[in-house]
Amino acid sequence: MMGTIDLDRSDPNFLKELAGQPGGERVQACFTCRSCVAGCPISAVNRGFSPAKIIRMALYGLREDVLKSDFVWLCSTCYTCQERCPQGVSITEFMTLLKNMAIREGHAPAGVRAQLKRVTGDGRIYPIDDFDNKKRTKAGLPVLPTSCEDIKKLFQ
Ligand code: SF4
Ligand code: SF4
């Protein structure tokens, strides 16, 4: 994920931008103890994933590397790291902040963008069509609407 750090790519305003948003307030307090990594279930199965490393990259101002990378999307939002951080860094919320920024700037992975389109368009992550409803009726289950208006309203 991160080899040699090319500081020519560093954006000096990135940290200020992060610190002014929910989840980024205490990120500068990180002293790289790696307690977050020790408890992270994703790091346990994927050695390339490290919340401490993501924070360090953000502190170095590596804006593009952080927002264009797929790794923040691996976070399962379990909050273990956040509960363990001795410095009170809101790590899980920081991951959510990065995901939101990546979406706003068009860097989210194709799968996430497709899900977002579906949820905002139909109010559902998985499409429901006549075929599904025929199967449901056969199984004695009620017919479901193909779109969910209440969820669509939430996104408006
Ligand atoms: S637990 Fe907190 S202080 Fe330690 S590396 Fe992770 S974010 Fe930094
Ligand atoms: S919230 Fe994300 S980064 Fe933190 S421990 Fe869970 S999976 Fe790892």
# chains A, B, ... in the order shown; residues from 1 in each chain; ligands from 1
$ residues_near_ligand --ligand "ligand 1" --cutoff "8 Å" --atoms "only C-alpha atoms and all ligand atoms" --output "number ranges by chain"
A: 27, 29-37, 51-52, 55, 81-82, 84-91
$ write_last_selection --atoms "C-alpha atoms" --output "tab-separated table (two decimals), in the first residue's frame"
chain	number	residue	atom	x	y	z
A	27	VAL	CA	-6.41	12.48	13.87
A	29	ALA	CA	-3.09	13.02	18.06
A	30	CYS	CA	-2.18	9.58	16.61
A	31	PHE	CA	1.26	8.47	17.86
A	32	THR	CA	1.35	5.22	15.84
A	33	CYS	CA	1.02	2.81	18.76
A	34	ARG	CA	-0.83	0.40	16.41
A	35	SER	CA	-3.38	-0.70	19.05
A	36	CYS	CA	-5.97	-0.12	16.34
A	37	VAL	CA	-4.20	-2.55	14.01
A	51	PRO	CA	-5.90	1.83	10.02
A	52	ALA	CA	-2.66	3.25	11.48
A	55	ILE	CA	-3.92	7.71	9.27
A	81	CYS	CA	-10.11	0.37	16.78
A	82	GLN	CA	-11.98	3.42	17.98
A	84	ARG	CA	-9.07	0.87	21.82
A	85	CYS	CA	-7.32	4.04	20.70
A	86	PRO	CA	-5.50	5.60	23.71
A	87	GLN	CA	-5.45	8.97	21.95
A	88	GLY	CA	-9.19	9.22	21.39
A	89	VAL	CA	-8.92	9.21	17.61
A	90	SER	CA	-12.37	8.50	16.10
A	91	ILE	CA	-10.86	6.03	13.66
$ closest_atom_pairs --of "chain A" --to "ligand 2" --cutoff "8 Å" --atoms "only C-alpha atoms and all ligand atoms" --output "tab-separated table"
residue	atom	partner	partner_atom_place_in_ligand_line	distance
A:Cys36	CA	ligand 2	5 (S)	6.2
A:Val37	CA	ligand 2	5 (S)	6.9
A:Gly39	CA	ligand 2	5 (S)	5.9
A:Cys40	CA	ligand 2	5 (S)	3.6
A:Pro41	CA	ligand 2	7 (S)	5.8
A:Ile42	CA	ligand 2	7 (S)	5.3
A:Ser43	CA	ligand 2	8 (Fe)	6.6
A:Ser50	CA	ligand 2	3 (S)	7.0
A:Pro51	CA	ligand 2	3 (S)	5.0
A:Leu74	CA	ligand 2	7 (S)	7.1
A:Cys75	CA	ligand 2	2 (Fe)	3.7
A:Ser76	CA	ligand 2	7 (S)	4.2
A:Thr77	CA	ligand 2	1 (S)	3.9
A:Cys78	CA	ligand 2	6 (Fe)	4.0
A:Tyr79	CA	ligand 2	1 (S)	4.1
A:Thr80	CA	ligand 2	5 (S)	4.5
A:Cys81	CA	ligand 2	5 (S)	4.2
A:Gln82	CA	ligand 2	4 (Fe)	6.3
A:Ile91	CA	ligand 2	4 (Fe)	6.3
A:Thr92	CA	ligand 2	1 (S)	4.5
A:Met95	CA	ligand 2	2 (Fe)	7.1
$ select_by_dssp --residues "segment 27-85 of chain A" --states "helix (DSSP H, G or I)" --output "count of residues only"
37
$ residues_around --residues "segment 13-25 of chain A" --least-positions-apart "6" --cutoff "6 Å" --atoms "only C-alpha atoms" --output "PyMOL selection string"
chain A and resi 61+90+93-94
$ write_last_selection --atoms "N, CA and C atoms" --output "short mmCIF file (atom, residue, chain, number, x, y, z; two decimals), in the first residue's frame"
data_model
loop_
_atom_site.label_atom_id
_atom_site.label_comp_id
_atom_site.auth_asym_id
_atom_site.auth_seq_id
_atom_site.Cartn_x
_atom_site.Cartn_y
_atom_site.Cartn_z
N GLY A 61 -0.33 14.03 4.19
CA GLY A 61 -0.99 14.85 3.15
C GLY A 61 -1.15 14.13 1.82
N SER A 90 -11.11 9.14 16.55
CA SER A 90 -12.37 8.50 16.10
C SER A 90 -12.10 7.79 14.78
N GLU A 93 -15.02 6.66 12.47
CA GLU A 93 -15.65 7.82 11.83
C GLU A 93 -14.71 8.48 10.82
N PHE A 94 -13.42 8.36 11.08
CA PHE A 94 -12.44 8.89 10.13
C PHE A 94 -12.52 8.10 8.81
#
$ atom_distance --atom1 "atom CA of Ile103 of chain A" --atom2 "atom CA of Ala44 of chain A"
26.5 Å
$ atom_distance --atom1 "atom CA of Leu59 of chain A" --atom2 "atom CA of Phe71 of chain A"
16.4 Å
$ atom_distance --atom1 "atom CA of Ala139 of chain A" --atom2 "atom CA of Ile125 of chain A"
22.3 Å
$ residues_around --residues "Met57 of chain A" --least-positions-apart "5" --cutoff "10 Å" --atoms "only C-alpha atoms" --output "ChimeraX atom specification"
/A:1-2,5,10,51-52,62-63,65-66
$ write_last_selection --atoms "N, CA and C atoms" --output "compact mmCIF listing (two decimals), in the first residue's frame"
# COMPACT_ATOMS: atom_id res chain seq x y z
N MET A 1 0.82 -1.19 0.00
CA MET A 1 0.00 0.00 0.00
C MET A 1 0.86 1.25 0.00
N MET A 2 1.90 1.26 0.83
CA MET A 2 2.72 2.48 0.87
C MET A 2 4.19 2.07 0.95
N ILE A 5 7.71 7.28 0.42
CA ILE A 5 6.74 8.39 0.42
C ILE A 5 7.28 9.53 -0.43
N SER A 10 2.46 15.47 -1.71
CA SER A 10 1.78 15.83 -0.46
C SER A 10 0.98 17.13 -0.61
N PRO A 51 -5.36 0.49 9.73
CA PRO A 51 -5.90 1.83 10.02
C PRO A 51 -4.80 2.82 10.39
N ALA A 52 -3.76 2.35 11.09
CA ALA A 52 -2.66 3.25 11.48
C ALA A 52 -1.94 3.79 10.24
N LEU A 62 -1.09 12.79 1.85
CA LEU A 62 -1.19 12.03 0.59
C LEU A 62 -2.66 11.88 0.17
N ARG A 63 -3.24 12.99 -0.16
CA ARG A 63 -4.67 13.10 -0.44
C ARG A 63 -5.12 12.10 -1.51
N ASP A 65 -3.60 9.49 -2.85
CA ASP A 65 -3.36 8.07 -2.53
C ASP A 65 -4.45 7.55 -1.60
N VAL A 66 -4.84 8.39 -0.63
CA VAL A 66 -5.84 7.95 0.34
C VAL A 66 -7.21 7.85 -0.32
$ residues_around --residues "Val119 of chain A" --least-positions-apart "6" --cutoff "10 Å" --atoms "only C-alpha atoms" --output "number ranges by chain"
A: 113, 125-127, 147-148, 151-152, 155
